[in-house]
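Heads up, my_file_12.txt below (compact mmCIF, C-alpha atoms):
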```txt
# COMPACT_ATOMS: atom_id res chain seq x y z
CA MET N 16 2.36 -0.45 -21.77
CA GLU N 17 5.64 0.94 -23.08
CA ALA N 18 7.03 2.73 -19.99
CA LEU N 19 6.52 -0.37 -17.86
CA LYS N 20 8.00 -2.70 -20.49
CA LYS N 21 11.04 -0.46 -20.74
CA ALA N 22 11.46 -0.45 -16.94
CA ILE N 23 11.20 -4.23 -16.80
CA GLU N 24 13.74 -4.69 -19.59
CA THR N 25 16.24 -2.13 -18.32
CA ILE N 26 15.86 -2.27 -14.51
CA GLY N 27 14.22 -5.63 -13.83
CA GLU N 28 16.26 -8.73 -13.13
CA GLY N 29 15.51 -12.34 -13.86
CA LYS N 30 16.76 -14.97 -11.45
CA GLY N 31 16.86 -18.63 -12.25
CA ASP N 32 13.93 -19.84 -14.32
CA ASN N 33 11.08 -17.99 -12.71
CA ILE N 34 11.95 -15.10 -10.37
CA VAL N 35 11.05 -11.73 -11.86
CA LYS N 36 12.67 -9.08 -9.67
CA VAL N 37 11.07 -5.68 -10.19
CA ASP N 38 11.33 -4.32 -6.68
CA ARG N 39 13.37 -1.32 -7.81
CA PHE N 40 10.26 0.32 -9.31
CA LEU N 41 7.18 -1.75 -8.47
CA ASN N 42 7.05 -3.54 -5.16
CA HIS N 43 9.57 -2.24 -2.66
CA ARG N 44 10.80 1.00 -4.15
CA ILE N 45 8.01 2.57 -6.21
CA ASP N 46 8.54 4.74 -9.27
CA THR N 47 5.74 7.22 -8.56
CA LYS N 48 5.45 8.55 -12.11
CA LEU N 49 5.30 5.04 -13.56
CA SER N 50 2.74 4.02 -10.93
CA THR N 51 0.59 7.02 -11.89
CA GLU N 52 0.88 6.16 -15.59
CA MET N 53 -0.04 2.51 -14.94
CA GLY N 54 -3.15 3.73 -13.10
CA GLN N 55 -4.04 5.87 -16.10
CA ALA N 56 -3.57 2.90 -18.40
CA PHE N 57 -5.95 0.75 -16.32
CA ALA N 58 -8.45 3.61 -16.15
CA GLU N 59 -8.36 3.93 -19.94
CA ALA N 60 -8.87 0.18 -20.36
CA PHE N 61 -11.88 0.12 -18.02
CA LYS N 62 -13.28 3.59 -18.65
CA ASP N 63 -16.56 2.32 -20.12
CA ASP N 64 -17.20 -0.21 -17.36
CA ASN N 65 -18.71 2.12 -14.74
CA VAL N 66 -16.26 1.00 -12.09
CA GLU N 67 -17.40 1.98 -8.59
CA CYS N 68 -14.59 0.53 -6.49
CA VAL N 69 -11.06 -0.83 -6.91
CA LEU N 70 -10.21 -3.97 -4.92
CA THR N 71 -6.64 -5.03 -4.30
CA VAL N 72 -4.67 -6.93 -1.68
CA GLU N 73 -2.02 -5.62 0.67
CA ALA N 74 0.70 -4.60 0.34
CA SER N 75 2.28 -4.01 -3.05
CA GLY N 76 -1.01 -3.75 -4.94
CA ILE N 77 -2.05 -0.65 -3.02
CA ALA N 78 0.05 1.92 -4.90
CA VAL N 79 -1.31 1.14 -8.35
CA ALA N 80 -4.82 0.61 -6.97
CA ILE N 81 -4.74 4.20 -5.70
CA THR N 82 -3.44 5.66 -8.94
CA THR N 83 -6.08 3.68 -10.88
CA ALA N 84 -8.81 4.96 -8.53
CA GLN N 85 -7.56 8.53 -8.99
CA ALA N 86 -7.70 8.18 -12.77
CA LEU N 87 -11.21 6.71 -12.60
CA GLY N 88 -12.46 9.86 -10.85
CA ASN N 89 -11.43 9.31 -7.24
CA ILE N 90 -13.47 6.19 -6.62
CA PRO N 91 -12.70 4.31 -3.37
CA VAL N 92 -10.10 1.57 -2.96
CA VAL N 93 -10.57 -1.44 -0.71
CA PHE N 94 -7.55 -3.56 0.10
CA ALA N 95 -7.97 -7.11 1.34
CA LYS N 96 -5.94 -7.78 4.47
CA LYS N 97 -3.72 -10.81 4.82
CA GLY N 98 -2.49 -10.45 8.37
CA ASP N 99 -3.87 -10.49 11.85
CA PRO N 100 -7.68 -10.78 11.95
CA LEU N 101 -7.62 -8.35 14.89
CA THR N 102 -7.35 -5.40 12.52
CA VAL N 103 -10.59 -6.13 10.70
CA GLY N 104 -13.06 -7.51 13.22
CA PRO N 105 -15.45 -10.42 12.76
CA ASN N 106 -17.76 -8.99 10.08
CA VAL N 107 -15.67 -10.06 7.11
CA TYR N 108 -15.65 -12.06 3.91
CA THR N 109 -12.69 -14.43 3.82
CA ALA N 110 -10.87 -16.42 1.16
CA ASP N 111 -7.92 -18.75 1.68
CA VAL N 112 -5.16 -18.39 -0.87
CA PHE N 113 -1.92 -20.24 -1.23
CA SER N 114 1.24 -18.21 -1.77
CA PHE N 115 3.76 -20.03 -3.94
CA THR N 116 6.40 -17.41 -3.19
CA HIS N 117 6.18 -17.97 0.54
CA GLN N 118 4.77 -21.51 0.53
CA VAL N 119 2.09 -20.58 3.05
CA MET N 120 -1.67 -20.29 3.12
CA ASN N 121 -2.94 -16.75 3.70
CA THR N 122 -6.47 -15.74 4.53
CA LEU N 123 -7.73 -12.64 2.75
CA ARG N 124 -10.24 -10.61 4.73
CA VAL N 125 -12.56 -7.82 3.56
CA ASP N 126 -15.05 -6.05 5.79
CA ARG N 127 -18.54 -6.89 4.53
CA SER N 128 -19.70 -3.29 4.64
CA TYR N 129 -17.18 -2.15 2.02
CA ILE N 130 -18.13 -4.47 -0.85
CA THR N 131 -21.87 -4.51 -1.37
CA GLU N 132 -24.34 -6.36 -3.55
CA GLY N 133 -24.28 -5.19 -7.16
CA MET N 134 -21.25 -2.95 -6.69
CA ARG N 135 -19.13 -2.80 -9.86
CA VAL N 136 -15.63 -3.73 -8.78
CA LEU N 137 -12.30 -3.71 -10.64
CA ILE N 138 -9.56 -5.98 -9.23
CA ILE N 139 -6.05 -4.54 -9.53
CA ASP N 140 -2.78 -6.15 -8.50
CA ASP N 141 0.88 -5.59 -9.19
CA PHE N 142 1.74 -9.18 -10.06
CA LEU N 143 0.05 -12.26 -11.46
CA ALA N 144 1.72 -15.65 -11.19
CA ASN N 145 -0.68 -18.53 -10.59
CA GLY N 146 -3.46 -16.10 -9.84
CA GLU N 147 -4.20 -17.28 -6.32
CA ALA N 148 -4.65 -13.79 -4.87
CA VAL N 149 -6.86 -12.64 -7.77
CA PHE N 150 -9.04 -15.76 -7.57
CA GLY N 151 -9.31 -15.21 -3.81
CA MET N 152 -10.57 -11.68 -4.42
CA MET N 153 -13.01 -12.96 -7.07
CA ASN N 154 -14.28 -15.44 -4.49
CA ILE N 155 -14.91 -12.57 -2.06
CA LEU N 156 -16.80 -10.62 -4.74
CA MET N 157 -19.01 -13.66 -5.35
CA GLN N 158 -19.76 -13.96 -1.64
CA ALA N 159 -20.70 -10.27 -1.62
CA ARG N 160 -22.77 -10.64 -4.83
CA ALA N 161 -20.78 -7.76 -6.26
CA THR N 162 -20.14 -7.45 -10.00
CA LEU N 163 -16.62 -8.12 -11.23
CA VAL N 164 -15.97 -5.79 -14.16
CA GLY N 165 -12.44 -7.00 -14.78
CA VAL N 166 -8.93 -7.65 -13.60
CA GLY N 167 -5.87 -5.50 -14.26
CA VAL N 168 -2.34 -6.55 -13.36
CA CYS N 169 0.91 -4.73 -13.95
CA VAL N 170 3.13 -7.74 -14.62
CA GLU N 171 1.97 -11.22 -15.57
CA LYS N 172 4.40 -14.11 -15.38
CA GLY N 173 3.21 -15.61 -18.64
CA PHE N 174 4.89 -18.94 -17.99
CA GLN N 175 2.70 -19.56 -14.93
CA GLU N 176 -0.98 -20.39 -14.96
CA GLY N 177 -2.75 -17.23 -13.77
CA GLY N 178 -3.17 -15.50 -17.11
CA LYS N 179 -4.54 -18.62 -18.82
CA ARG N 180 -6.89 -19.31 -15.93
CA LEU N 181 -8.26 -15.78 -16.12
CA GLU N 182 -8.73 -15.88 -19.87
CA MET N 183 -10.52 -19.22 -19.62
CA SER N 184 -12.83 -17.79 -16.95
CA GLY N 185 -14.10 -15.24 -19.46
CA VAL N 186 -13.39 -12.21 -17.29
CA LYS N 187 -12.10 -9.02 -18.93
CA TYR N 188 -8.39 -9.20 -18.21
CA VAL N 189 -5.78 -6.49 -18.84
CA PRO N 190 -2.09 -7.15 -18.11
CA LEU N 191 0.21 -4.21 -18.81
CA ALA N 192 3.22 -6.45 -19.48
CA VAL N 193 3.65 -10.20 -19.82
CA VAL N 194 6.93 -11.92 -19.09
CA ASP N 195 7.44 -14.72 -21.58
CA HIS N 196 10.50 -16.29 -20.03
CA ILE N 197 13.82 -15.60 -18.38
CA ASP N 198 16.92 -16.03 -20.47
CA ASN N 199 20.16 -16.11 -18.51
CA GLY N 200 19.13 -13.36 -16.08
CA LYS N 201 17.37 -11.30 -18.74
CA ILE N 202 13.60 -10.85 -18.58
CA VAL N 203 12.08 -11.49 -22.01
CA LEU N 204 8.66 -9.94 -22.55
CA ARG N 205 5.92 -11.28 -24.77
CA ASP N 206 5.28 -9.05 -27.75
CA ASP N 207 1.65 -9.72 -28.40
CA LYS N 208 0.19 -7.95 -25.38
CA MET M 23 -6.42 19.35 8.03
CA GLU M 24 -10.14 20.04 7.79
CA ALA M 25 -11.32 17.31 5.40
CA LEU M 26 -9.57 14.63 7.48
CA LYS M 27 -10.86 16.04 10.77
CA LYS M 28 -14.39 16.05 9.40
CA ALA M 29 -14.02 12.43 8.21
CA ILE M 30 -12.72 11.35 11.62
CA GLU M 31 -15.55 13.12 13.44
CA THR M 32 -18.34 11.96 11.17
CA ILE M 33 -17.22 8.50 9.97
CA GLY M 34 -14.61 7.41 12.54
CA GLU M 35 -15.57 5.39 15.57
CA GLY M 36 -14.03 5.28 19.00
CA LYS M 37 -14.01 2.00 20.88
CA GLY M 38 -13.26 1.74 24.56
CA ASP M 39 -10.59 4.13 25.76
CA ASN M 40 -8.09 3.89 22.99
CA ILE M 41 -9.22 2.30 19.72
CA VAL M 42 -9.59 4.82 16.90
CA LYS M 43 -11.39 3.08 14.06
CA VAL M 44 -10.91 4.88 10.76
CA ASP M 45 -10.82 1.94 8.42
CA ARG M 46 -13.78 3.24 6.41
CA PHE M 47 -11.59 5.91 4.78
CA LEU M 48 -7.96 5.41 5.81
CA ASN M 49 -6.69 1.90 6.37
CA HIS M 50 -8.94 -0.74 4.83
CA ARG M 51 -11.26 1.19 2.55
CA ILE M 52 -9.46 4.26 1.23
CA ASP M 53 -11.15 7.54 0.33
CA THR M 54 -9.05 8.31 -2.74
CA LYS M 55 -9.84 12.03 -2.87
CA LEU M 56 -9.03 12.46 0.82
CA SER M 57 -5.82 10.45 0.40
CA THR M 58 -4.79 12.72 -2.48
CA GLU M 59 -5.57 15.83 -0.42
CA MET M 60 -3.58 14.50 2.55
CA GLY M 61 -0.63 13.97 0.22
CA GLN M 62 -0.95 17.55 -0.96
CA ALA M 63 -1.04 18.76 2.65
CA PHE M 64 2.19 16.90 3.46
CA ALA M 65 3.82 18.18 0.29
CA GLU M 66 2.88 21.75 1.24
CA ALA M 67 4.30 21.28 4.75
CA PHE M 68 7.61 19.91 3.44
CA LYS M 69 7.87 21.81 0.16
CA ASP M 70 11.01 23.71 1.19
CA ASP M 71 12.85 20.64 2.48
CA ASN M 72 14.16 19.26 -0.81
CA VAL M 73 12.68 15.84 -0.17
CA GLU M 74 14.17 13.18 -2.44
CA CYS M 75 12.34 10.09 -1.24
CA VAL M 76 9.29 9.15 0.85
CA LEU M 77 9.74 6.24 3.25
CA THR M 78 6.76 4.41 4.74
CA VAL M 79 5.95 0.95 6.02
CA GLU M 80 3.56 -1.58 4.56
CA ALA M 81 0.65 -1.74 4.25
CA SER M 82 -1.65 1.12 5.15
CA GLY M 83 1.00 3.84 4.88
CA ILE M 84 1.52 3.17 1.18
CA ALA M 85 -1.51 5.04 -0.17
CA VAL M 86 -0.71 8.39 1.42
CA ALA M 87 3.01 7.92 0.77
CA ILE M 88 2.22 7.68 -2.96
CA THR M 89 -0.04 10.73 -2.98
CA THR M 90 2.60 12.70 -1.06
CA ALA M 91 5.28 11.62 -3.53
CA GLN M 92 3.04 12.65 -6.43
CA ALA M 93 2.52 16.09 -4.90
CA LEU M 94 6.28 16.48 -4.29
CA GLY M 95 6.93 16.06 -8.02
CA ASN M 96 6.83 12.28 -8.49
CA ILE M 97 9.73 11.43 -6.22
CA PRO M 98 10.14 7.72 -5.38
CA VAL M 99 8.51 5.90 -2.48
CA VAL M 100 10.21 3.13 -0.53
CA PHE M 101 8.11 0.99 1.76
CA ALA M 102 9.70 -1.00 4.55
CA LYS M 103 8.59 -4.63 4.55
CA LYS M 104 7.38 -6.36 7.67
CA GLY M 105 6.83 -9.87 6.45
CA ASP M 106 8.81 -12.72 5.04
CA PRO M 107 12.51 -11.88 4.54
CA LEU M 108 12.37 -13.95 1.32
CA THR M 109 10.85 -11.03 -0.56
CA VAL M 110 13.75 -8.66 0.09
CA GLY M 111 16.94 -10.71 0.06
CA PRO M 112 19.91 -10.42 2.40
CA ASN M 113 21.18 -6.93 1.50
CA VAL M 114 18.91 -5.02 3.88
CA TYR M 115 18.79 -2.62 6.77
CA THR M 116 16.62 -3.99 9.57
CA ALA M 117 14.92 -2.56 12.65
CA ASP M 118 12.87 -4.46 15.20
CA VAL M 119 9.66 -2.74 16.25
CA PHE M 120 7.02 -3.80 18.73
CA SER M 121 3.40 -3.62 17.63
CA PHE M 122 1.08 -2.78 20.52
CA THR M 123 -1.96 -3.49 18.36
CA HIS M 124 -0.85 -7.01 17.63
CA GLN M 125 1.45 -7.58 20.62
CA VAL M 126 4.20 -8.93 18.42
CA MET M 127 7.68 -7.91 17.38
CA ASN M 128 8.04 -7.12 13.68
CA THR M 129 11.25 -6.69 11.77
CA LEU M 130 11.25 -3.85 9.25
CA ARG M 131 13.46 -4.46 6.22
CA VAL M 132 14.65 -2.01 3.59
CA ASP M 133 16.97 -2.91 0.72
CA ARG M 134 20.25 -1.04 1.22
CA SER M 135 20.37 0.16 -2.36
CA TYR M 136 17.17 2.21 -2.06
CA ILE M 137 18.13 4.50 0.83
CA THR M 138 21.58 5.97 0.31
CA GLU M 139 23.97 8.17 2.26
CA GLY M 140 22.89 11.80 2.36
CA MET M 141 19.51 11.13 0.73
CA ARG M 142 16.84 13.55 2.05
CA VAL M 143 14.00 11.35 3.24
CA LEU M 144 10.50 12.17 4.49
CA ILE M 145 8.82 9.51 6.64
CA ILE M 146 5.06 9.22 6.12
CA ASP M 147 2.62 6.94 7.92
CA ASP M 148 -1.13 6.74 8.34
CA PHE M 149 -1.15 6.35 12.11
CA LEU M 150 1.01 7.28 15.08
CA ALA M 151 0.40 5.67 18.47
CA ASN M 152 3.55 4.96 20.45
CA GLY M 153 5.67 5.68 17.41
CA GLU M 154 7.37 2.33 17.20
CA ALA M 155 7.14 2.05 13.42
CA VAL M 156 8.34 5.62 12.88
CA PHE M 157 11.28 5.20 15.25
CA GLY M 158 12.14 1.95 13.47
CA MET M 159 12.25 3.80 10.16
CA MET M 160 14.36 6.57 11.73
CA ASN M 161 16.74 3.86 12.92
CA ILE M 162 17.05 2.56 9.35
CA LEU M 163 17.78 6.08 8.06
CA MET M 164 20.55 6.42 10.63
CA GLN M 165 22.08 3.11 9.55
CA ALA M 166 21.98 4.34 5.94
CA ARG M 167 23.38 7.77 6.94
CA ALA M 168 20.44 9.33 5.13
CA THR M 169 19.02 12.69 6.19
CA LEU M 170 15.65 12.69 7.91
CA VAL M 171 13.83 15.85 6.83
CA GLY M 172 10.71 15.15 8.87
CA VAL M 173 7.80 12.92 9.76
CA GLY M 174 4.21 13.28 8.59
CA VAL M 175 1.35 11.21 9.97
CA CYS M 176 -2.33 11.37 9.11
CA VAL M 177 -3.74 10.58 12.54
CA GLU M 178 -1.90 10.83 15.86
CA LYS M 179 -3.37 9.23 18.93
CA GLY M 180 -2.48 12.15 21.17
CA PHE M 181 -3.04 10.19 24.36
CA GLN M 182 -0.21 7.81 23.50
CA GLU M 183 3.48 8.61 23.55
CA GLY M 184 4.52 8.81 19.88
CA GLY M 185 3.81 12.51 19.29
CA LYS M 186 5.58 13.62 22.46
CA ARG M 187 8.57 11.39 21.71
CA LEU M 188 8.86 12.88 18.22
CA GLU M 189 8.59 16.46 19.45
CA MET M 190 11.24 15.81 22.11
CA SER M 191 13.54 14.35 19.46
CA GLY M 192 13.57 17.69 17.67
CA VAL M 193 12.50 16.32 14.31
CA LYS M 194 10.10 18.33 12.14
CA TYR M 195 6.80 16.62 12.79
CA VAL M 196 3.49 17.22 11.02
CA PRO M 197 0.34 15.38 12.11
CA LEU M 198 -2.76 16.19 10.07
CA ALA M 199 -5.13 15.41 12.96
CA VAL M 200 -4.59 14.59 16.63
CA VAL M 201 -7.07 12.55 18.63
CA ASP M 202 -7.28 13.97 22.13
CA HIS M 203 -9.45 11.29 23.68
CA ILE M 204 -12.45 9.05 23.14
CA ASP M 205 -15.67 10.03 24.85
CA ASN M 206 -18.29 7.30 24.91
CA GLY M 207 -17.59 6.08 21.37
CA LYS M 208 -17.02 9.57 19.98
CA ILE M 209 -13.55 10.57 18.79
CA VAL M 210 -12.63 13.98 20.22
CA LEU M 211 -9.92 15.83 18.28
CA ARG M 212 -7.42 18.26 19.71
CA ASP M 213 -7.99 21.82 18.50
CA ASP M 214 -4.48 23.17 18.64
CA LYS M 215 -3.01 21.23 15.72
```
Is it possible to give me this structure as structure tokens?
Amino acid sequence: MEALKKAIETIGEGKGDNIVKVDRFLNHRIDTKLSTEMGQAFAEAFKDDNVECVLTVEASGIAVAITTAQALGNIPVVFAKKGDPLTVGPNVYTADVFSFTHQVMNTLRVDRSYITEGMRVLIIDDFLANGEAVFGMMNILMQARATLVGVGVCVEKGFQEGGKRLEMSGVKYVPLAVVDHIDNGKIVLRDDK
Amino acid sequence: MEALKKAIETIGEGKGDNIVKVDRFLNHRIDTKLSTEMGQAFAEAFKDDNVECVLTVEASGIAVAITTAQALGNIPVVFAKKGDPLTVGPNVYTADVFSFTHQVMNTLRVDRSYITEGMRVLIIDDFLANGEAVFGMMNILMQARATLVGVGVCVEKGFQEGGKRLEMSGVKYVPLAVVDHIDNGKIVLRDDK
């Protein structure tokens, strides 16, 4: 997606070999117009898939999940919670996911009444590295016997394993930009996506 | 705001004396249309205030912050982070806030480059109880010498102190619905707002 690629190349920063810093427009400060356009791009990619619900994980996935849900006709968003189980109660699906960024295990929790059997669900997230969060959400959809229609991510770190794992799993997978590598502080995008 | 009040009265649940459970449409599952309409209501209330940026706090404030920013002409959103300081780096404003829900102290962090001196900022959040998160964000705006144009919250728990504290502070304050009390599991809204 051109607007996102341009933002990554002009405003994003690479650090070391593998840190892709895009918090100026994606995951701390949010460029609202770009977020809306990314939602429209996901909606276009999944427009024939009869999506009934967008699933994401707090916190930085929520913005683009909302704009995607708007563009798909105001379908609901559910965001998996990572924090205190107090906020969700006991009637939940859970999945344990390891965060490489923070080197901790998080438990994702989704209230069982919000993802139901047969529901057609699109997973959206802002970032894909090793794919732990996405695979955790897929695990929750399996527990709920919901139907995964696909996965959309704004930025894939193409030099980590998540993208390959998703493609091997056979799921419909749409990244809007793929980082190939970092060259001396500059983020180099892959051309073929 | 009528659509929100109706959702609270028909889908919300009261628990005990003070738990207002609205996670079916506001803070776990999100009603996208309602979220968009709440954003429009905030934008209408602050349309003459030359808002340049919406500030909220992760996670459940993000959805309505985005829809407000869309309705104000695609201005940027900044969300304060509560979690691991690793994700924001050292160049941050911080404010310590106590969470009554979780009985823990959280540190809010905002990158200094995203809130600048004189910037006209609207604070948006989904919920107001004692107002700790909002006062933490106000503290950050003071550190940044930004201009607070007002505070908008979707649901105020009117029987806690946050609303009164905000009104006493003299800030322009717009709640879209105020819970007066809980009567045997039923959420009773205040009429006068």
Write out as a ChimeraX atom specification each polymer residue whose atoms come within 10 Å of segment 46-52 of chain M, counting all atoms listed in the file; drop sequence neighbours fewer than 5 positions from it. /N:68-70,72-73,77,81,84,90-96,102-103,124-126,128-130 /M:26,29-30,33-35,57,81-86,148-149,176-177
For each of M:Lys208, M:Lys194, M:Lys186, M:Lys55, take the minimum atom-to-atom distance to chain N, counting only C-alpha atoms, then give the residue where this is smallest.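 Result for the nearest residue to chain N: M:Lys55.
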Which of these, M:Val143, M:Glu24, M:Ala87, M:Asp70, has the shortest distance to chain N once you count only C-alpha atoms?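 Looking only at the distances to chain N, the closest residue turns out to be M:Ala87.
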Just want the 9 Å neighbourhood of His124 of chain M, counted on only C-alpha atoms, with same-chain residues fewer than 4 positions away dropped. Output as a PyMOL selection string. (chain N and resi 99+101-102) or (chain M and resi 120)
Using all atoms listed in the file, can you tell me which of N:Val164, N:Val189, N:Val203, N:Val107 comes closest to chain M?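 For chain M, the nearest of the candidates is N:Val107.
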Which is closest to Thr82 of chain N among M:Lys69, M:Leu198, M:Thr54, M:Glu154, if we use all atoms listed in the file?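 So, comparing all the options, the nearest one is M:Thr54.
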Enclose the full set of atoms of segment 53-70 of chain M listed in the file within a box whose edges lie along x, y and z, apply 5 Å of padding to each of the six sides, and report centre and edge lengths in Å to one decimal as AutoDock Vina command-line options.
```
--center_x -0.1 --center_y 15.6 --center_z 0.9 --size_x 32.2 --size_y 26.2 --size_z 17.6
```
Separating atom CA of Pro190 of chain N from atom CA of Val168 of chain N, to the nearest tenth of an Å, is a gap of 4.8 Å
Just to confirm, what's the straight-line distance from atom CA of Thr169 of chain M to atom CA of Thr123 of chain M in Å (one decimal)?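 Interatomic distance, atom CA of Thr169 of chain M to atom CA of Thr123 of chain M: 29.2 Å.
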Atomic distance atom CA of Ala199 of chain M - atom CA of Leu211 of chain M, expressed in Å with one decimal: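 Pair atom CA of Ala199 of chain M / atom CA of Leu211 of chain M returns 7.2 Å.
If you measure from each of M:Asp39, M:Pro107, M:Phe64, M:Lys28 to chain N using only C-alpha atoms, the closest one turns out to be M:Pro107.
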Excluding Asp202 of chain M and its own-chain neighbours fewer than 5 positions away, which residues fall within 8 Å of it when counting only C-alpha atoms? Please give them as a ChimeraX atom specification. /M:179-181,209-212
Would you export the selected residues with C-alpha atoms as an mmCIF file, keeping the file's coordinate frame, please?
```cif
data_model
loop_
_atom_site.group_PDB
_atom_site.id
_atom_site.type_symbol
_atom_site.label_atom_id
_atom_site.label_comp_id
_atom_site.auth_asym_id
_atom_site.auth_seq_id
_atom_site.Cartn_x
_atom_site.Cartn_y
_atom_site.Cartn_z
ATOM 1 C CA LYS M 179 -3.370 9.230 18.930
ATOM 2 C CA GLY M 180 -2.480 12.150 21.170
ATOM 3 C CA PHE M 181 -3.040 10.190 24.360
ATOM 4 C CA ILE M 209 -13.550 10.570 18.790
ATOM 5 C CA VAL M 210 -12.630 13.980 20.220
ATOM 6 C CA LEU M 211 -9.920 15.830 18.280
ATOM 7 C CA ARG M 212 -7.420 18.260 19.710
#
```
